[in-house]
file run.cif (mmCIF, C-alpha atoms and all ligand atoms)
data_entry
#
loop_
_atom_site.label_atom_id
_atom_site.label_comp_id
_atom_site.auth_asym_id
_atom_site.auth_seq_id
_atom_site.Cartn_x
_atom_site.Cartn_y
_atom_site.Cartn_z
CA MET A 29 31.45 10.24 160.65
CA GLN A 30 34.39 7.92 161.42
CA HIS A 31 37.62 9.86 161.68
CA ASP A 32 41.20 8.61 162.11
CA PHE A 33 42.22 9.35 165.71
CA SER A 34 45.19 6.96 165.77
CA ASP A 35 47.91 9.62 166.26
CA ALA A 36 47.06 10.19 169.90
CA ALA A 37 50.18 12.24 170.67
CA ALA A 38 49.41 14.67 167.84
CA PHE A 39 45.76 14.99 168.90
CA SER A 40 46.87 15.60 172.47
CA LYS A 41 48.51 18.86 171.36
CA ALA A 42 45.06 20.20 170.46
CA PHE A 43 42.83 18.32 172.91
CA ASP A 44 45.08 19.00 175.91
CA ASP A 45 46.16 22.50 174.96
CA PRO A 46 45.86 24.52 178.21
CA ALA A 47 44.17 27.25 176.14
CA ARG A 48 41.19 24.88 175.75
CA ASP A 49 40.28 25.30 179.42
CA ALA A 50 39.16 28.89 178.76
CA TRP A 51 36.26 27.78 176.53
CA GLN A 52 35.81 24.14 177.61
CA ARG A 53 35.39 25.18 181.26
CA PRO A 54 35.74 21.63 182.60
CA ALA A 55 35.16 22.64 186.22
CA GLU A 56 31.77 24.14 185.28
CA VAL A 57 30.78 21.07 183.27
CA ILE A 58 31.70 18.75 186.15
CA GLN A 59 29.82 20.91 188.64
CA LEU A 60 26.68 20.91 186.47
CA MET A 61 26.78 17.10 186.30
CA ARG A 62 26.39 16.72 190.11
CA ILE A 63 28.59 13.61 190.30
CA GLU A 64 28.34 11.65 193.55
CA PRO A 65 31.59 10.61 195.24
CA GLY A 66 31.89 6.82 195.04
CA SER A 67 29.83 6.57 191.84
CA VAL A 68 30.72 4.93 188.52
CA VAL A 69 30.82 7.23 185.49
CA ALA A 70 31.72 6.69 181.85
CA ASP A 71 33.59 9.04 179.52
CA LEU A 72 32.50 7.90 176.05
CA GLY A 73 35.00 8.90 173.39
CA ALA A 74 37.48 9.74 176.12
CA GLY A 75 40.22 10.51 173.59
CA THR A 76 43.51 11.56 175.21
CA GLY A 77 41.74 11.88 178.55
CA TYR A 78 41.09 15.62 178.84
CA PHE A 79 38.05 15.06 181.08
CA VAL A 80 39.30 11.89 182.75
CA SER A 81 41.25 13.56 185.56
CA TRP A 82 38.25 15.80 186.33
CA LEU A 83 35.92 12.81 186.48
CA SER A 84 38.45 10.84 188.53
CA ARG A 85 38.55 13.59 191.15
CA ALA A 86 34.77 13.91 191.18
CA VAL A 87 34.10 10.21 191.88
CA GLY A 88 37.01 9.92 194.32
CA GLU A 89 38.91 6.85 195.47
CA ARG A 90 35.81 4.70 195.97
CA GLY A 91 34.40 5.57 192.54
CA LYS A 92 35.33 4.52 189.05
CA VAL A 93 35.79 6.19 185.66
CA LEU A 94 35.25 3.98 182.62
CA ALA A 95 37.25 5.69 179.87
CA LEU A 96 35.81 4.30 176.64
CA ASP A 97 37.12 4.78 173.12
CA VAL A 98 37.15 3.00 169.76
CA GLU A 99 40.76 3.91 169.01
CA PRO A 100 43.40 1.56 170.53
CA GLU A 101 46.06 4.31 170.46
CA MET A 102 43.79 6.61 172.47
CA ILE A 103 43.18 3.85 175.02
CA LYS A 104 46.94 3.27 175.32
CA PHE A 105 47.63 7.01 175.62
CA LEU A 106 45.03 7.71 178.27
CA GLY A 107 45.96 4.56 180.19
CA GLN A 108 49.58 5.74 180.41
CA ARG A 109 48.43 9.21 181.36
CA ALA A 110 46.20 7.87 184.14
CA GLN A 111 49.11 5.80 185.44
CA GLN A 112 51.49 8.78 185.39
CA GLN A 113 48.91 10.86 187.22
CA ARG A 114 48.28 7.96 189.65
CA LEU A 115 44.57 7.91 188.90
CA GLY A 116 43.85 4.43 190.27
CA ASN A 117 40.10 4.69 189.67
CA VAL A 118 40.35 4.99 185.87
CA VAL A 119 39.55 1.94 183.73
CA PRO A 120 40.47 2.46 180.03
CA ARG A 121 38.39 0.24 177.76
CA LEU A 122 38.31 -0.29 174.01
CA VAL A 123 34.75 -0.45 172.65
CA PRO A 124 33.27 -1.09 169.20
CA TYR A 125 31.86 1.79 167.13
CA ASP A 126 28.28 0.77 167.62
CA ASP A 127 28.19 -0.29 171.26
CA PRO A 128 29.39 1.26 174.56
CA ARG A 129 29.42 -2.26 176.08
CA LEU A 130 28.16 -1.00 179.42
CA GLU A 131 26.46 -3.43 181.81
CA PRO A 132 22.77 -2.75 182.56
CA GLY A 133 22.30 -0.24 185.39
CA SER A 134 26.07 0.09 185.84
CA VAL A 135 26.75 3.84 185.57
CA SER A 136 25.37 7.04 187.07
CA ARG A 137 26.71 9.44 184.46
CA ILE A 138 27.82 9.08 180.82
CA LEU A 139 29.77 12.08 179.55
CA ILE A 140 30.17 12.46 175.78
CA VAL A 141 32.29 15.46 174.78
CA ASN A 142 32.85 16.41 171.14
CA THR A 143 32.15 12.79 170.19
CA TRP A 144 28.40 12.39 169.56
CA HIS A 145 28.75 13.70 165.99
CA HIS A 146 31.27 10.90 165.26
CA ILE A 147 28.74 8.18 166.04
CA ASP A 148 26.65 6.64 163.26
CA GLU A 149 23.04 5.47 163.79
CA ARG A 150 22.79 7.71 166.81
CA ALA A 151 19.23 6.88 167.90
CA SER A 152 20.12 3.16 167.94
CA TYR A 153 23.27 4.03 169.86
CA ALA A 154 21.22 6.04 172.39
CA ALA A 155 19.03 2.96 172.90
CA LYS A 156 22.19 1.15 174.07
CA LEU A 157 23.08 3.94 176.50
CA ALA A 158 19.66 4.01 178.19
CA PRO A 159 19.80 0.56 179.89
CA ALA A 160 23.33 1.27 181.19
CA LEU A 161 22.00 4.04 183.43
CA GLY A 162 21.37 3.16 187.06
CA PRO A 163 18.72 4.95 189.19
CA GLY A 164 19.07 8.72 188.74
CA GLY A 165 21.48 8.12 185.87
CA GLU A 166 22.11 10.79 183.25
CA VAL A 167 23.76 11.12 179.84
CA TRP A 168 25.56 14.43 179.24
CA ILE A 169 26.46 15.48 175.72
CA VAL A 170 28.69 18.49 175.07
CA ASP A 171 29.29 19.35 171.43
CA PHE A 172 30.13 22.27 169.17
CA THR A 173 27.48 24.78 168.14
CA LEU A 174 26.78 25.27 164.44
CA ASP A 175 28.63 28.59 164.41
CA SER A 176 31.55 27.86 166.76
CA ASP A 177 34.97 28.99 165.48
CA VAL A 178 36.49 25.65 166.55
CA GLY A 179 35.19 22.15 165.95
CA PRO A 180 34.55 19.80 163.03
CA PRO A 181 33.68 21.03 159.52
CA ALA A 182 30.21 22.57 159.40
CA ARG A 183 28.63 19.59 157.60
CA PHE A 184 29.39 17.30 160.54
CA ARG A 185 27.95 19.55 163.22
CA LEU A 186 24.64 18.82 164.87
CA ALA A 187 22.12 21.30 166.19
CA PRO A 188 21.26 20.71 169.86
CA GLU A 189 17.63 20.05 168.91
CA GLN A 190 18.80 17.24 166.63
CA VAL A 191 20.81 15.68 169.46
CA VAL A 192 17.72 15.88 171.69
CA ALA A 193 15.63 14.17 168.99
CA GLU A 194 18.23 11.41 168.54
CA LEU A 195 18.33 10.70 172.27
CA GLN A 196 14.51 10.69 172.44
CA GLY A 197 14.54 8.29 169.47
CA GLY A 198 16.61 5.95 171.61
CA GLY A 199 14.04 6.01 174.39
CA LEU A 200 15.59 8.66 176.62
CA HIS A 201 14.03 11.89 177.80
CA ALA A 202 16.38 14.69 176.71
CA GLU A 203 16.62 18.47 176.97
CA VAL A 204 19.07 21.23 176.15
CA VAL A 205 20.52 22.20 179.52
CA SER A 206 22.36 25.18 178.25
CA ALA A 207 23.14 26.90 175.00
CA GLU A 208 25.00 29.72 176.74
CA GLN A 209 27.05 28.24 179.60
CA LEU A 210 29.94 27.42 177.27
CA PRO A 211 30.99 29.90 174.56
CA LYS A 212 31.46 27.39 171.72
CA GLN A 213 29.32 24.40 172.72
CA TYR A 214 25.87 23.38 173.88
CA ILE A 215 25.04 20.91 176.61
CA VAL A 216 22.29 18.30 176.38
CA ARG A 217 21.20 16.08 179.27
CA ALA A 218 19.16 12.89 179.01
CA VAL A 219 17.57 10.54 181.54
CA ARG A 220 15.69 7.26 181.27
CA ARG A 221 11.97 7.56 180.61
C1 LIG B 301 37.11 14.75 169.12
S1 LIG B 301 37.67 13.42 170.13
C2 LIG B 301 37.10 13.96 171.73
C3 LIG B 301 37.92 13.40 172.87
C4 LIG B 301 37.52 13.86 174.27
N1 LIG B 301 36.14 13.55 174.58
C5 LIG B 301 37.77 15.34 174.44
O1 LIG B 301 36.79 16.09 174.60
O2 LIG B 301 38.94 15.75 174.43
C6 LIG B 301 36.57 12.11 169.74
C7 LIG B 301 36.97 10.76 170.35
O3 LIG B 301 35.86 9.86 170.21
C8 LIG B 301 36.32 8.61 169.79
N2 LIG B 301 35.20 7.96 169.12
C9 LIG B 301 34.73 8.16 167.86
N3 LIG B 301 33.66 7.38 167.61
C10 LIG B 301 33.42 6.69 168.76
C11 LIG B 301 32.44 5.72 169.14
N4 LIG B 301 31.50 5.32 168.29
N5 LIG B 301 32.51 5.21 170.38
C12 LIG B 301 33.47 5.61 171.26
N6 LIG B 301 34.43 6.51 170.95
C13 LIG B 301 34.39 7.05 169.72
C14 LIG B 301 37.52 8.91 168.91
O4 LIG B 301 38.40 7.81 168.78
C15 LIG B 301 38.14 10.10 169.65
O5 LIG B 301 39.09 9.68 170.60
#

call {"tool": "encode", "arguments": {"input": "run.cif", "output": "structure tokens"}}
result
Amino acid sequence: MQHDFSDAAAFSKAFDDPARDAWQRPAEVIQLMRIEPGSVVADLGAGTGYFVSWLSRAVGERGKVLALDVEPEMIKFLGQRAQQQRLGNVVPRLVPYDDPRLEPGSVSRILIVNTWHHIDERASYAAKLAPALGPGGEVWIVDFTLDSDVGPPARFRLAPEQVVAELQGGGLHAEVVSAEQLPKQYIVRAVRR
């Protein structure tokens, strides 16, 4: 499902609404991910950068956050935001729809929040994520439950079991980490087989 995300400032009003923190619980998500200081992580579909500052803090000065998005306006927006916030370890990068363009073995975590359902040919896409993971690397997908009161229209939502199957189809080993930790979303984690 390709959606027009070009009006980054307008999307920021929703994505970066402080009220989101109450249900998105970014600190809990980051804690679950067990990110090592000094590591390289990717935020795929980084959008306006809601999670970027959290990831930046988690990896610290010696680490790096690759903030990936298909929308040039989002890349511009989050790049400016990272500069304003003096987040020197953030690398905004425009990527094509069908490829994260990550070097083999280059990242320890790939976070994908409210974005997996926008990707087409998801099993093939997962097969491109797998080789990018270094030793101990993990993909983390956070997306809206089928009955959440926020999120995309119902027809675009994916059950967590479907996300697991898509990741497995791409050669990863995946499991639902939690269906209850977040009130409106599930969390799926995948590792290389
Ligand atoms: C709903 S927003 C989520 C933004 C951010 N992750 C958040 O939680 O606030 C989805 C973002 O994914 C991007 N996107 C959509 N398809 C993508 C793809 N195939 N690869 C990378 N980014 C994609 C969109 O441009 C948009 O910025």

call {"tool": "closest_residue", "arguments": {"input": "run.cif", "among": "A:Val87, A:Leu130, A:Ala110, A:Ile138", "to": "Leu72 of chain A", "atoms": "all atoms listed in the file"}}
result
A:Ile138

call {"tool": "closest_atom_pairs", "arguments": {"input": "run.cif", "of": "chain A", "to": "ligand LIG 301 (chain B)", "cutoff": "9 Å", "atoms": "all atoms listed in the file", "output": "JSON lines"}}
result
{"residue": "A:Met29", "atom": "CA", "partner": "B:LIG301", "partner_atom": "N3", "distance": 7.8}
{"residue": "A:Gln30", "atom": "CA", "partner": "B:LIG301", "partner_atom": "N3", "distance": 6.3}
{"residue": "A:His31", "atom": "CA", "partner": "B:LIG301", "partner_atom": "C9", "distance": 7.0}
{"residue": "A:Asp32", "atom": "CA", "partner": "B:LIG301", "partner_atom": "O4", "distance": 7.3}
{"residue": "A:Phe33", "atom": "CA", "partner": "B:LIG301", "partner_atom": "O4", "distance": 5.1}
{"residue": "A:Ser34", "atom": "CA", "partner": "B:LIG301", "partner_atom": "O4", "distance": 7.5}
{"residue": "A:Ala36", "atom": "CA", "partner": "B:LIG301", "partner_atom": "O5", "distance": 8.0}
{"residue": "A:Phe39", "atom": "CA", "partner": "B:LIG301", "partner_atom": "S1", "distance": 8.3}
{"residue": "A:Ser40", "atom": "CA", "partner": "B:LIG301", "partner_atom": "O2", "distance": 8.2}
{"residue": "A:Ala42", "atom": "CA", "partner": "B:LIG301", "partner_atom": "O2", "distance": 8.5}
{"residue": "A:Phe43", "atom": "CA", "partner": "B:LIG301", "partner_atom": "O2", "distance": 4.9}
{"residue": "A:Asp44", "atom": "CA", "partner": "B:LIG301", "partner_atom": "O2", "distance": 7.1}
{"residue": "A:Gln52", "atom": "CA", "partner": "B:LIG301", "partner_atom": "O1", "distance": 8.7}
{"residue": "A:Asp71", "atom": "CA", "partner": "B:LIG301", "partner_atom": "N1", "distance": 7.2}
{"residue": "A:Leu72", "atom": "CA", "partner": "B:LIG301", "partner_atom": "C12", "distance": 5.4}
{"residue": "A:Gly73", "atom": "CA", "partner": "B:LIG301", "partner_atom": "O3", "distance": 3.4}
{"residue": "A:Ala74", "atom": "CA", "partner": "B:LIG301", "partner_atom": "N1", "distance": 4.3}
{"residue": "A:Gly75", "atom": "CA", "partner": "B:LIG301", "partner_atom": "O5", "distance": 3.3}
{"residue": "A:Thr76", "atom": "CA", "partner": "B:LIG301", "partner_atom": "O2", "distance": 6.2}
{"residue": "A:Gly77", "atom": "CA", "partner": "B:LIG301", "partner_atom": "O2", "distance": 6.3}
{"residue": "A:Tyr78", "atom": "CA", "partner": "B:LIG301", "partner_atom": "O2", "distance": 4.9}
{"residue": "A:Phe79", "atom": "CA", "partner": "B:LIG301", "partner_atom": "C5", "distance": 6.7}
{"residue": "A:Val80", "atom": "CA", "partner": "B:LIG301", "partner_atom": "C4", "distance": 8.9}
{"residue": "A:Leu96", "atom": "CA", "partner": "B:LIG301", "partner_atom": "C12", "distance": 6.0}
{"residue": "A:Asp97", "atom": "CA", "partner": "B:LIG301", "partner_atom": "N6", "distance": 3.9}
{"residue": "A:Val98", "atom": "CA", "partner": "B:LIG301", "partner_atom": "N6", "distance": 4.6}
{"residue": "A:Glu99", "atom": "CA", "partner": "B:LIG301", "partner_atom": "O4", "distance": 4.6}
{"residue": "A:Pro100", "atom": "CA", "partner": "B:LIG301", "partner_atom": "O4", "distance": 8.2}
{"residue": "A:Glu101", "atom": "CA", "partner": "B:LIG301", "partner_atom": "O4", "distance": 8.6}
{"residue": "A:Met102", "atom": "CA", "partner": "B:LIG301", "partner_atom": "O5", "distance": 5.9}
{"residue": "A:Ile103", "atom": "CA", "partner": "B:LIG301", "partner_atom": "O5", "distance": 8.4}
{"residue": "A:Leu122", "atom": "CA", "partner": "B:LIG301", "partner_atom": "C12", "distance": 8.1}
{"residue": "A:Val123", "atom": "CA", "partner": "B:LIG301", "partner_atom": "C12", "distance": 6.3}
{"residue": "A:Pro124", "atom": "CA", "partner": "B:LIG301", "partner_atom": "N5", "distance": 6.5}
{"residue": "A:Tyr125", "atom": "CA", "partner": "B:LIG301", "partner_atom": "N4", "distance": 3.7}
{"residue": "A:Asp126", "atom": "CA", "partner": "B:LIG301", "partner_atom": "N4", "distance": 5.6}
{"residue": "A:Asp127", "atom": "CA", "partner": "B:LIG301", "partner_atom": "N5", "distance": 7.0}
{"residue": "A:Pro128", "atom": "CA", "partner": "B:LIG301", "partner_atom": "N5", "distance": 6.5}
{"residue": "A:Leu139", "atom": "CA", "partner": "B:LIG301", "partner_atom": "N1", "distance": 8.2}
{"residue": "A:Ile140", "atom": "CA", "partner": "B:LIG301", "partner_atom": "N1", "distance": 6.2}
{"residue": "A:Val141", "atom": "CA", "partner": "B:LIG301", "partner_atom": "N1", "distance": 4.3}
{"residue": "A:Asn142", "atom": "CA", "partner": "B:LIG301", "partner_atom": "C2", "distance": 4.9}
{"residue": "A:Thr143", "atom": "CA", "partner": "B:LIG301", "partner_atom": "C6", "distance": 4.5}
{"residue": "A:Trp144", "atom": "CA", "partner": "B:LIG301", "partner_atom": "N3", "distance": 7.5}
{"residue": "A:His145", "atom": "CA", "partner": "B:LIG301", "partner_atom": "N3", "distance": 8.2}
{"residue": "A:His146", "atom": "CA", "partner": "B:LIG301", "partner_atom": "N3", "distance": 4.9}
{"residue": "A:Ile147", "atom": "CA", "partner": "B:LIG301", "partner_atom": "N4", "distance": 4.6}
{"residue": "A:Asp148", "atom": "CA", "partner": "B:LIG301", "partner_atom": "N4", "distance": 7.1}
{"residue": "A:Tyr153", "atom": "CA", "partner": "B:LIG301", "partner_atom": "N4", "distance": 8.5}
{"residue": "A:Val170", "atom": "CA", "partner": "B:LIG301", "partner_atom": "O1", "distance": 8.5}
{"residue": "A:Asp171", "atom": "CA", "partner": "B:LIG301", "partner_atom": "O1", "distance": 8.8}
{"residue": "A:Gly179", "atom": "CA", "partner": "B:LIG301", "partner_atom": "C1", "distance": 8.3}
{"residue": "A:Pro180", "atom": "CA", "partner": "B:LIG301", "partner_atom": "C1", "distance": 8.3}

call {"tool": "atom_distance", "arguments": {"input": "run.cif", "atom1": "atom CA of Arg220 of chain A", "atom2": "atom CA of Met61 of chain A"}}
result
15.7 Å

call {"tool": "residues_near_point", "arguments": {"input": "run.cif", "point": "(23.4, 23.7, 177.3)", "cutoff": "9 Å", "atoms": "all atoms listed in the file", "output": "PyMOL selection string"}}
result
chain A and resi 169-170+188+203-210+213-217

call {"tool": "atom_distance", "arguments": {"input": "run.cif", "atom1": "atom CA of Gly198 of chain A", "atom2": "atom CA of Ala70 of chain A"}}
result
18.3 Å

call {"tool": "closest_residue", "arguments": {"input": "run.cif", "among": "A:Glu56, A:Val118, A:Ala154, A:Gly107", "to": "Leu83 of chain A", "atoms": "only C-alpha atoms"}}
result
A:Val118

call {"tool": "residues_near_point", "arguments": {"input": "run.cif", "point": "(21.1, 11.5, 162.7)", "cutoff": "7 Å", "atoms": "only C-alpha atoms", "output": "VMD selection string"}}
result
chain A and resid 149 to 150 194

call {"tool": "write_last_selection", "arguments": {"input": "run.cif", "atoms": "C-alpha atoms", "output": "PDB file, in the frame of the given file"}}
result
ATOM      1  CA  GLU A 149      23.040   5.470 163.790  1.00  0.00           C
ATOM      2  CA  ARG A 150      22.790   7.710 166.810  1.00  0.00           C
ATOM      3  CA  GLU A 194      18.230  11.410 168.540  1.00  0.00           C
TER       4      GLU A 194
END

call {"tool": "atom_distance", "arguments": {"input": "run.cif", "atom1": "atom CA of Val93 of chain A", "atom2": "atom CA of Asn117 of chain A"}}
result
6.1 Å

call {"tool": "residues_around", "arguments": {"input": "run.cif", "residues": "segment 63-66 of chain A", "least_positions_apart": "2", "cutoff": "9 Å", "atoms": "all atoms listed in the file", "output": "PyMOL selection string"}}
result
chain A and resi 58-61+68-69+83+85-92+136-137

call {"tool": "closest_residue", "arguments": {"input": "run.cif", "among": "A:Leu157, A:Ala37, A:Val192, A:Val219", "to": "Pro132 of chain A", "atoms": "only C-alpha atoms"}}
result
A:Leu157

call {"tool": "closest_residue", "arguments": {"input": "run.cif", "among": "A:Arg121, A:Arg185, A:Arg48, A:Arg221", "to": "Gly165 of chain A", "atoms": "only C-alpha atoms"}}
result
A:Arg221

call {"tool": "closest_residue", "arguments": {"input": "run.cif", "among": "A:Gly197, A:Gly133, A:Pro46, A:Pro181", "to": "Pro159 of chain A", "atoms": "only C-alpha atoms"}}
result
A:Gly133
